[in-house]
$ cat upload-v6.txt   # compact mmCIF, C-alpha atoms
# COMPACT_ATOMS: atom_id res chain seq x y z
CA MET E 228 5.31 9.19 19.38
CA THR E 229 9.04 9.81 19.67
CA ASP E 230 9.95 6.29 18.50
CA LEU E 231 7.84 6.70 15.37
CA ALA E 232 9.19 10.20 14.75
CA ALA E 233 12.75 8.89 15.00
CA ALA E 234 11.89 6.05 12.61
CA LEU E 235 10.66 8.66 10.14
CA GLY E 236 13.98 10.48 10.43
CA VAL E 237 12.90 13.38 12.62
CA ARG E 238 15.73 14.91 14.66
CA ILE E 239 14.23 15.42 18.11
CA HIS E 240 15.32 18.45 20.10
CA ASP E 241 13.17 17.64 23.16
CA PRO E 242 11.27 14.32 23.47
CA GLY E 243 8.88 15.49 26.18
CA PRO E 244 5.14 15.55 25.43
CA PRO E 245 3.39 18.90 24.94
CA SER E 246 1.19 20.43 27.59
CA GLU E 247 -2.53 20.82 26.88
CA PHE E 248 -4.97 23.62 27.48
CA HIS E 249 -8.62 24.47 26.87
CA LEU E 250 -10.50 27.68 26.26
CA SER E 251 -14.12 28.43 25.50
CA ARG E 252 -15.44 30.70 22.79
CA ALA E 253 -19.04 31.21 21.72
CA GLY E 254 -20.15 28.19 23.70
CA CYS E 255 -17.57 25.82 22.23
CA ARG E 256 -14.74 24.35 24.30
CA LEU E 257 -11.50 24.34 22.30
CA HIS E 258 -8.47 22.15 22.92
CA ALA E 259 -4.84 22.68 21.93
CA PHE E 260 -1.34 21.35 22.48
CA ASP E 261 1.35 23.76 23.64
CA TRP E 262 4.78 22.50 22.61
CA GLY E 263 6.52 25.34 24.43
CA GLY E 264 9.78 26.85 23.28
CA THR E 265 10.95 30.32 22.41
CA GLY E 266 11.13 32.15 19.13
CA PRO E 267 8.34 33.12 16.73
CA GLU E 268 4.84 32.18 17.85
CA VAL E 269 3.37 29.63 15.42
CA LEU E 270 -0.17 28.25 15.37
CA LEU E 271 -0.67 25.03 13.40
CA LEU E 272 -4.10 24.14 11.99
CA HIS E 273 -4.91 20.63 10.79
CA GLY E 274 -7.01 19.48 7.85
CA GLY E 275 -10.61 18.35 7.87
CA GLY E 276 -11.15 14.99 9.57
CA LEU E 277 -7.75 15.13 11.28
CA THR E 278 -6.68 16.45 14.69
CA ALA E 279 -3.87 18.51 16.19
CA HIS E 280 -1.92 15.26 16.61
CA THR E 281 -1.20 15.33 12.87
CA TRP E 282 1.49 17.93 13.67
CA ASP E 283 3.24 15.87 16.36
CA PHE E 284 6.20 14.80 14.22
CA VAL E 285 6.68 18.29 12.79
CA CYS E 286 6.50 19.88 16.23
CA LEU E 287 9.09 17.46 17.57
CA GLY E 288 11.37 18.50 14.73
CA LEU E 289 10.73 22.25 15.06
CA ARG E 290 11.03 22.42 18.82
CA GLY E 291 13.69 24.89 19.81
CA ALA E 292 13.11 27.03 16.71
CA ALA E 293 9.64 28.42 17.56
CA ARG E 294 6.84 28.53 20.13
CA LEU E 295 4.47 25.95 18.70
CA ILE E 296 0.72 25.64 19.34
CA ALA E 297 -1.37 22.97 17.58
CA LEU E 298 -5.11 23.60 17.79
CA ASP E 299 -7.95 21.10 17.46
CA LEU E 300 -10.47 22.88 15.24
CA ARG E 301 -14.02 22.81 16.60
CA GLY E 302 -15.67 19.47 15.89
CA HIS E 303 -12.29 17.74 15.78
CA GLY E 304 -10.10 15.90 18.27
CA ASP E 305 -10.69 16.98 21.83
CA SER E 306 -12.43 20.24 20.93
CA GLY E 307 -16.18 20.41 21.33
CA TRP E 308 -18.79 19.83 18.66
CA SER E 309 -20.81 22.79 17.44
CA GLU E 310 -23.74 23.93 15.34
CA ASP E 311 -21.48 26.47 13.65
CA TYR E 312 -18.59 25.26 11.49
CA ARG E 313 -18.29 28.28 9.24
CA ILE E 314 -14.77 29.18 8.15
CA ALA E 315 -15.23 32.63 9.71
CA THR E 316 -16.16 31.07 13.05
CA MET E 317 -13.11 28.81 13.07
CA ALA E 318 -10.95 31.79 12.13
CA GLU E 319 -12.30 33.63 15.18
CA ASP E 320 -11.37 30.56 17.27
CA VAL E 321 -7.78 30.98 16.07
CA ILE E 322 -7.70 34.64 17.12
CA ALA E 323 -9.24 33.69 20.48
CA THR E 324 -6.48 31.11 20.97
CA ALA E 325 -3.82 33.72 20.24
CA ASP E 326 -5.51 36.12 22.68
CA HIS E 327 -5.70 33.40 25.33
CA LEU E 328 -1.93 32.92 25.06
CA GLY E 329 -1.15 36.63 24.92
CA PHE E 330 0.17 36.44 21.36
CA ASP E 331 0.01 39.71 19.44
CA ARG E 332 1.08 38.64 15.94
CA VAL E 333 1.47 35.01 14.92
CA ARG E 334 2.74 32.88 12.09
CA LEU E 335 0.12 30.45 10.81
CA VAL E 336 0.60 27.01 9.30
CA GLY E 337 -2.58 25.49 7.87
CA MET E 338 -3.03 22.20 6.05
CA SER E 339 -6.02 21.76 3.71
CA LEU E 340 -9.08 22.99 5.70
CA GLY E 341 -6.66 24.50 8.22
CA GLY E 342 -5.08 26.47 5.40
CA VAL E 343 -8.45 27.88 4.39
CA VAL E 344 -9.07 28.95 7.98
CA ALA E 345 -5.57 30.45 8.23
CA ALA E 346 -6.08 32.43 5.02
CA HIS E 347 -9.36 33.78 6.37
CA VAL E 348 -7.56 34.94 9.51
CA ALA E 349 -4.96 36.66 7.33
CA GLY E 350 -7.63 38.35 5.23
CA THR E 351 -9.79 39.58 8.06
CA ARG E 352 -7.11 40.26 10.68
CA PRO E 353 -3.92 41.12 8.78
CA ASP E 354 -2.70 43.00 11.85
CA ARG E 355 -2.42 39.65 13.69
CA VAL E 356 -0.55 37.57 11.09
CA GLU E 357 3.13 37.87 10.21
CA ARG E 358 3.61 34.93 7.85
CA LEU E 359 1.45 32.18 6.42
CA VAL E 360 2.15 28.63 5.29
CA LEU E 361 -0.48 26.81 3.24
CA VAL E 362 -0.04 23.04 3.02
CA ASP E 363 -1.54 21.37 -0.06
CA VAL E 364 -4.41 23.76 -0.64
CA ALA E 365 -5.03 26.44 -3.25
CA PRO E 366 -7.83 27.61 -5.54
CA GLY E 367 -8.53 24.93 -8.12
CA VAL E 368 -7.92 21.89 -5.91
CA ASP E 369 -9.04 18.57 -7.36
CA PHE E 370 -11.93 17.90 -5.00
CA GLU E 371 -13.01 14.75 -6.83
CA SER E 372 -9.67 13.10 -6.06
CA THR E 373 -10.62 13.12 -2.38
CA GLY E 374 -13.75 11.04 -2.95
CA ARG E 375 -12.42 7.73 -1.63
CA VAL E 376 -10.92 9.33 1.46
CA ARG E 377 -14.11 11.31 2.16
CA ALA E 378 -16.19 8.15 1.84
CA PHE E 379 -13.83 6.33 4.19
CA MET E 380 -13.94 9.10 6.80
CA ALA E 381 -17.73 9.36 6.56
CA GLY E 382 -18.01 5.64 7.24
CA LEU E 383 -15.99 5.67 10.45
CA GLY E 384 -17.95 4.41 13.43
CA PRO E 385 -17.45 2.50 16.67
CA VAL E 386 -15.17 -0.51 16.21
CA ASP E 387 -13.82 -3.26 18.42
CA ASP E 388 -10.37 -3.31 16.86
CA LEU E 389 -8.45 -0.33 15.47
CA ASP E 390 -6.32 -2.62 13.31
CA ALA E 391 -9.34 -3.18 11.08
CA VAL E 392 -9.65 0.58 10.57
CA VAL E 393 -5.95 0.83 9.76
CA ASP E 394 -6.29 -2.00 7.23
CA ALA E 395 -9.18 -0.18 5.57
CA ALA E 396 -7.26 3.10 5.51
CA MET E 397 -4.29 1.40 3.85
CA ARG E 398 -6.57 0.06 1.13
CA VAL E 399 -7.65 3.64 0.42
CA SER E 400 -4.09 5.01 0.54
CA PRO E 401 -1.77 2.05 -0.16
CA ARG E 402 1.36 4.23 -0.39
CA ALA E 403 0.89 5.66 3.11
CA HIS E 404 3.25 4.76 5.94
CA ARG E 405 1.38 2.13 7.96
CA ALA E 406 2.84 3.11 11.32
CA SER E 407 1.88 6.73 10.71
CA VAL E 408 -1.64 5.71 9.72
CA THR E 409 -1.92 3.64 12.90
CA TYR E 410 -0.79 6.63 14.95
CA ARG E 411 -3.35 8.84 13.19
CA MET E 412 -6.20 6.42 13.79
CA ARG E 413 -5.38 6.24 17.49
CA SER E 414 -5.68 10.02 17.61
CA LEU E 415 -9.05 9.95 15.85
CA PHE E 416 -10.69 7.50 18.28
CA ARG E 417 -11.23 7.29 22.03
CA ARG E 418 -11.92 4.18 24.10
CA ALA E 419 -15.54 4.02 25.30
CA PRO E 420 -16.51 2.48 28.66
CA ASN E 421 -17.83 -0.62 26.86
CA GLY E 422 -14.41 -1.20 25.28
CA GLU E 423 -15.30 -0.01 21.80
CA TRP E 424 -13.24 2.56 19.95
CA VAL E 425 -15.43 5.59 19.16
CA PRO E 426 -14.55 8.41 16.71
CA LYS E 427 -13.77 11.75 18.37
CA ASN E 428 -14.72 13.96 15.44
CA ASP E 429 -18.25 15.18 14.77
CA PRO E 430 -19.71 12.65 12.30
CA ARG E 431 -21.95 15.17 10.57
CA PRO E 432 -20.74 15.82 7.01
CA PRO E 433 -18.91 19.12 6.41
CA ASP E 434 -20.42 21.83 4.24
CA PHE E 435 -18.20 21.06 1.27
CA PRO E 436 -19.75 23.68 -1.06
CA ALA E 437 -18.99 26.40 1.50
CA ILE E 438 -15.44 25.11 2.00
CA LEU E 439 -14.81 24.97 -1.76
CA ALA E 440 -16.19 28.49 -2.16
CA ALA E 441 -13.81 29.68 0.57
CA ILE E 442 -10.89 27.99 -1.19
CA GLU E 443 -11.68 29.89 -4.38
CA GLN E 444 -11.52 33.17 -2.42
CA LEU E 445 -8.25 32.25 -0.79
CA ALA E 446 -5.88 34.20 -3.05
CA SER E 447 -7.71 37.48 -2.46
CA GLN E 448 -7.12 37.15 1.30
CA LEU E 449 -3.33 36.99 1.19
CA GLY E 450 -2.50 40.61 0.38
CA GLU E 451 1.18 41.50 0.79
CA LEU E 452 1.74 38.80 3.40
CA PRO E 453 4.78 36.50 2.98
CA VAL E 454 3.24 33.17 1.96
CA LEU E 455 4.77 29.74 1.50
CA LEU E 456 2.75 27.14 -0.36
CA VAL E 457 3.81 23.54 0.32
CA ARG E 458 2.70 20.81 -2.06
CA GLY E 459 3.04 17.08 -1.57
CA GLY E 460 5.03 15.77 -4.51
CA ARG E 461 2.53 12.99 -5.21
CA SER E 462 -0.58 14.88 -4.12
CA ARG E 463 -3.54 14.45 -6.43
CA VAL E 464 -5.47 17.12 -4.53
CA LEU E 465 -3.14 19.96 -5.52
CA PRO E 466 -1.68 19.63 -9.03
CA GLN E 467 1.64 21.35 -9.68
CA SER E 468 0.15 23.78 -12.19
CA THR E 469 -2.51 24.80 -9.68
CA ALA E 470 0.11 25.43 -7.00
CA GLU E 471 2.23 27.50 -9.38
CA ARG E 472 -0.79 29.56 -10.39
CA LEU E 473 -1.49 30.62 -6.80
CA VAL E 474 2.15 31.48 -6.10
CA GLY E 475 2.20 33.58 -9.26
CA ARG E 476 -0.66 35.66 -7.86
CA VAL E 477 0.99 36.32 -4.49
CA PRO E 478 3.40 39.29 -4.35
CA ASP E 479 5.58 37.61 -1.71
CA GLY E 480 4.95 33.94 -2.36
CA GLY E 481 7.10 30.83 -2.60
CA LEU E 482 6.51 27.19 -3.43
CA VAL E 483 8.12 24.10 -1.92
CA VAL E 484 7.36 20.63 -3.25
CA VAL E 485 7.91 17.93 -0.63
CA PRO E 486 8.93 14.63 -2.21
CA ASP E 487 7.42 11.30 -1.23
CA ALA E 488 4.34 12.95 0.22
CA GLY E 489 0.69 12.98 -0.70
CA HIS E 490 -1.97 15.34 0.65
CA ASN E 491 -1.01 14.66 4.29
CA VAL E 492 2.45 16.15 3.86
CA GLN E 493 3.04 16.55 7.60
CA GLU E 494 2.63 12.82 8.20
CA ASP E 495 4.10 11.46 4.96
CA ASN E 496 7.37 13.39 5.07
CA PRO E 497 7.70 15.40 8.29
CA VAL E 498 11.47 15.77 7.88
CA ALA E 499 11.27 17.67 4.59
CA LEU E 500 8.29 19.73 5.75
CA THR E 501 10.10 20.63 8.98
CA ALA E 502 13.10 21.84 6.99
CA ALA E 503 10.88 24.03 4.80
CA LEU E 504 9.04 25.46 7.80
CA ARG E 505 12.24 26.13 9.70
CA ALA E 506 13.63 28.13 6.78
CA PHE E 507 10.44 30.14 6.22
CA LEU E 508 9.31 30.71 9.80
CA ALA E 509 12.71 31.72 11.18
CA PRO E 510 12.79 35.26 12.61
$ encode --input "upload-v6.txt" --output "structure tokens"
Amino acid sequence: MTDLAAALGVRIHDPGPPSEFHLSRAGCRLHAFDWGGTGPEVLLLHGGGLTAHTWDFVCLGLRGAARLIALDLRGHGDSGWSEDYRIATMAEDVIATADHLGFDRVRLVGMSLGGVVAAHVAGTRPDRVERLVLVDVAPGVDFESTGRVRAFMAGLGPVDDLDAVVDAAMRVSPRAHRASVTYRMRSLFRRAPNGEWVPKNDPRPPDFPAILAAIEQLASQLGELPVLLVRGGRSRVLPQSTAERLVGRVPDGGLVVVPDAGHNVQEDNPVALTAALRAFLAP
């Protein structure tokens, strides 16, 4: 992890691994990484099909500036699978995580699906949220541009060799950083007793119509909250005009475009994203 982060240009304050913890809510066991530290309390929420490990490079870069918690959303990573993946349910998981840690008010960073969940928390529990960062998500996203990635993720199954999965992922996203993709795939699979690599995430397809409907309601949930929208400079999911339109509707909103990054900004260019987060999330 640290070698790859350094290769990507991340300045590492503390190379130690995070601690892990679990909590249960509504019958679902949730998992999170606690990166420790002092300063503002920040919860980071990953995108659909990813895990909390997607924030590893950013957390290594932000360590020392904030208390960082990266949560595996239910159905993802090392959190349990569920019969209830509603945005409202996942938002309640976030509040439960804050309660578990004794956090009163938090700063939320959410990428894609995680951003939709974070916005729902802000809209329903504004007393618990101080600031909000949305990464590459806003009303009017180009859902069709995600078709190849969605098809790839839906086709993931047990494999003998992770290199084959990495090769396939690079064919879908040829401009991605291969070492980062390899790291991501190792976080998405676990080794089964028979030696196969088995996906961690719930293979059932998400309720995309419900997620898209929630995205369209996103702007109405932000209120007077300070909001930073981060767009990947080469993202096809969030066009520049769409990002500018959301920021124009937010009373206290700002926009940062991260160069040399697609939809997965936190993996494509963690250095630039870390700089933007450090400036916005500082006390």
$ atom_distance --input "upload-v6.txt" --atom1 "atom CA of E:Phe435" --atom2 "atom CA of E:Ala378"
13.1 Å
$ closest_residue --input "upload-v6.txt" --among "E:Asp305, E:Asp320, E:Glu471, E:Glu423" --to "E:Leu389" --atoms "all atoms listed in the file"
E:Glu423
$ residues_around --input "upload-v6.txt" --residues "E:Arg355" --least-positions-apart "6" --cutoff "10 Å" --atoms "all atoms listed in the file" --output "PyMOL selection string"
chain E and resi 322+325+330-335+348-349
$ closest_residue --input "upload-v6.txt" --among "E:Gln493, E:Gln444, E:Asn421, E:Thr409" --to "E:Val386" --atoms "only C-alpha atoms"
E:Asn421
$ closest_residue --input "upload-v6.txt" --among "E:Leu271, E:Asp388, E:Ala499, E:Arg418" --to "E:Leu359" --atoms "all atoms listed in the file"
E:Leu271
$ atom_distance --input "upload-v6.txt" --atom1 "atom CA of E:Phe379" --atom2 "atom CA of E:Arg461"
20.0 Å
$ atom_distance --input "upload-v6.txt" --atom1 "atom CA of E:Tyr410" --atom2 "atom CA of E:Ala323"
28.9 Å
$ residues_around --input "upload-v6.txt" --residues "E:Ala315" --least-positions-apart "2" --cutoff "9 Å" --atoms "only C-alpha atoms" --output "PyMOL selection string"
chain E and resi 312-313+317-320+344+347-348+351
$ write_last_selection --input "upload-v6.txt" --atoms "C-alpha atoms" --output "mmCIF file, in the coordinates of the input"
data_model
loop_
_atom_site.group_PDB
_atom_site.id
_atom_site.type_symbol
_atom_site.label_atom_id
_atom_site.label_comp_id
_atom_site.auth_asym_id
_atom_site.auth_seq_id
_atom_site.Cartn_x
_atom_site.Cartn_y
_atom_site.Cartn_z
ATOM 1 C CA TYR E 312 -18.590 25.260 11.490
ATOM 2 C CA ARG E 313 -18.290 28.280 9.240
ATOM 3 C CA MET E 317 -13.110 28.810 13.070
ATOM 4 C CA ALA E 318 -10.950 31.790 12.130
ATOM 5 C CA GLU E 319 -12.300 33.630 15.180
ATOM 6 C CA ASP E 320 -11.370 30.560 17.270
ATOM 7 C CA VAL E 344 -9.070 28.950 7.980
ATOM 8 C CA HIS E 347 -9.360 33.780 6.370
ATOM 9 C CA VAL E 348 -7.560 34.940 9.510
ATOM 10 C CA THR E 351 -9.790 39.580 8.060
#
$ residues_around --input "upload-v6.txt" --residues "E:Pro385" --least-positions-apart "2" --cutoff "8 Å" --atoms "only C-alpha atoms" --output "list in words"
Leu383, Asp387, Glu423, Trp424, Val425 and Pro426 of chain E
$ closest_residue --input "upload-v6.txt" --among "E:Pro244, E:Pro453, E:Gly341, E:Gly367" --to "E:Phe284" --atoms "all atoms listed in the file"
E:Pro244
$ decode --input "upload-v6.txt" --residues "stretch 291-304 of chain E" --atoms "all heavy atoms" --output "JSON list (two decimals), in the first residue's frame"
[["chain", "number", "residue", "atom", "x", "y", "z"],
["E", 291, "GLY", "N", -2.86, 13.06, 9.83],
["E", 291, "GLY", "CA", -2.26, 14.17, 10.53],
["E", 291, "GLY", "C", -3.06, 15.45, 10.40],
["E", 291, "GLY", "O", -2.86, 16.39, 11.15],
["E", 292, "ALA", "N", -3.99, 15.48, 9.42],
["E", 292, "ALA", "CA", -4.82, 16.67, 9.22],
["E", 292, "ALA", "C", -6.25, 16.44, 9.70],
["E", 292, "ALA", "O", -7.01, 17.40, 9.84],
["E", 292, "ALA", "CB", -4.84, 17.06, 7.74],
["E", 293, "ALA", "N", -6.65, 15.17, 9.93],
["E", 293, "ALA", "CA", -8.03, 14.87, 10.30],
["E", 293, "ALA", "C", -8.09, 13.48, 10.93],
["E", 293, "ALA", "O", -7.16, 12.67, 10.80],
["E", 293, "ALA", "CB", -8.95, 14.93, 9.08],
["E", 294, "ARG", "N", -9.18, 13.21, 11.60],
["E", 294, "ARG", "CA", -9.50, 11.86, 12.09],
["E", 294, "ARG", "C", -10.30, 11.18, 10.99],
["E", 294, "ARG", "O", -11.43, 11.59, 10.69],
["E", 294, "ARG", "CB", -10.30, 11.93, 13.39],
["E", 294, "ARG", "CG", -10.82, 10.59, 13.89],
["E", 294, "ARG", "CD", -9.73, 9.74, 14.50],
["E", 294, "ARG", "NE", -10.23, 8.41, 14.84],
["E", 294, "ARG", "CZ", -10.90, 8.12, 15.97],
["E", 294, "ARG", "NH1", -11.16, 9.08, 16.85],
["E", 294, "ARG", "NH2", -11.28, 6.88, 16.21],
["E", 295, "LEU", "N", -9.75, 10.16, 10.37],
["E", 295, "LEU", "CA", -10.29, 9.61, 9.14],
["E", 295, "LEU", "C", -10.88, 8.22, 9.37],
["E", 295, "LEU", "O", -10.21, 7.33, 9.89],
["E", 295, "LEU", "CB", -9.19, 9.53, 8.07],
["E", 295, "LEU", "CG", -8.50, 10.85, 7.75],
["E", 295, "LEU", "CD1", -7.20, 10.59, 6.99],
["E", 295, "LEU", "CD2", -9.43, 11.75, 6.94],
["E", 296, "ILE", "N", -12.13, 8.05, 8.94],
["E", 296, "ILE", "CA", -12.82, 6.76, 9.02],
["E", 296, "ILE", "C", -13.34, 6.42, 7.64],
["E", 296, "ILE", "O", -14.10, 7.20, 7.04],
["E", 296, "ILE", "CB", -14.00, 6.80, 10.01],
["E", 296, "ILE", "CG1", -13.57, 7.32, 11.38],
["E", 296, "ILE", "CG2", -14.66, 5.43, 10.10],
["E", 296, "ILE", "CD1", -12.61, 6.42, 12.11],
["E", 297, "ALA", "N", -12.96, 5.26, 7.11],
["E", 297, "ALA", "CA", -13.45, 4.81, 5.80],
["E", 297, "ALA", "C", -14.36, 3.60, 6.02],
["E", 297, "ALA", "O", -13.93, 2.58, 6.54],
["E", 297, "ALA", "CB", -12.29, 4.45, 4.88],
["E", 298, "LEU", "N", -15.60, 3.74, 5.63],
["E", 298, "LEU", "CA", -16.63, 2.73, 5.89],
["E", 298, "LEU", "C", -16.89, 1.88, 4.65],
["E", 298, "LEU", "O", -17.00, 2.40, 3.54],
["E", 298, "LEU", "CB", -17.93, 3.43, 6.31],
["E", 298, "LEU", "CG", -19.17, 2.56, 6.52],
["E", 298, "LEU", "CD1", -18.99, 1.64, 7.72],
["E", 298, "LEU", "CD2", -20.41, 3.44, 6.71],
["E", 299, "ASP", "N", -16.98, 0.55, 4.86],
["E", 299, "ASP", "CA", -17.51, -0.34, 3.82],
["E", 299, "ASP", "C", -19.04, -0.25, 3.87],
["E", 299, "ASP", "O", -19.65, -0.65, 4.88],
["E", 299, "ASP", "CB", -17.09, -1.79, 4.08],
["E", 299, "ASP", "CG", -15.71, -2.13, 3.56],
["E", 299, "ASP", "OD1", -15.28, -1.53, 2.56],
["E", 299, "ASP", "OD2", -15.05, -3.00, 4.16],
["E", 300, "LEU", "N", -19.66, 0.28, 2.82],
["E", 300, "LEU", "CA", -21.11, 0.28, 2.78],
["E", 300, "LEU", "C", -21.64, -1.15, 2.82],
["E", 300, "LEU", "O", -20.96, -2.09, 2.37],
["E", 300, "LEU", "CB", -21.61, 0.98, 1.51],
["E", 300, "LEU", "CG", -21.22, 2.46, 1.35],
["E", 300, "LEU", "CD1", -21.69, 2.97, -0.01],
["E", 300, "LEU", "CD2", -21.79, 3.31, 2.48],
["E", 301, "ARG", "N", -22.83, -1.33, 3.35],
["E", 301, "ARG", "CA", -23.41, -2.68, 3.40],
["E", 301, "ARG", "C", -23.42, -3.30, 2.00],
["E", 301, "ARG", "O", -23.69, -2.63, 0.99],
["E", 301, "ARG", "CB", -24.80, -2.67, 4.02],
["E", 301, "ARG", "CG", -25.82, -1.78, 3.34],
["E", 301, "ARG", "CD", -27.21, -1.95, 3.94],
["E", 301, "ARG", "NE", -27.22, -1.69, 5.39],
["E", 301, "ARG", "CZ", -28.09, -2.24, 6.24],
["E", 301, "ARG", "NH1", -29.04, -3.05, 5.78],
["E", 301, "ARG", "NH2", -28.05, -1.96, 7.53],
["E", 302, "GLY", "N", -23.10, -4.60, 1.96],
["E", 302, "GLY", "CA", -23.02, -5.29, 0.68],
["E", 302, "GLY", "C", -21.69, -5.14, -0.02],
["E", 302, "GLY", "O", -21.49, -5.68, -1.11],
["E", 303, "HIS", "N", -20.76, -4.42, 0.60],
["E", 303, "HIS", "CA", -19.46, -4.13, -0.02],
["E", 303, "HIS", "C", -18.32, -4.50, 0.94],
["E", 303, "HIS", "O", -18.48, -4.39, 2.16],
["E", 303, "HIS", "CB", -19.34, -2.66, -0.37],
["E", 303, "HIS", "CG", -20.30, -2.18, -1.41],
["E", 303, "HIS", "ND1", -21.63, -1.95, -1.14],
["E", 303, "HIS", "CD2", -20.12, -1.87, -2.72],
["E", 303, "HIS", "CE1", -22.23, -1.53, -2.25],
["E", 303, "HIS", "NE2", -21.34, -1.47, -3.22],
["E", 304, "GLY", "N", -17.19, -4.89, 0.37],
["E", 304, "GLY", "CA", -16.00, -5.13, 1.17],
["E", 304, "GLY", "C", -16.24, -6.17, 2.25],
["E", 304, "GLY", "O", -16.77, -7.26, 2.01]]
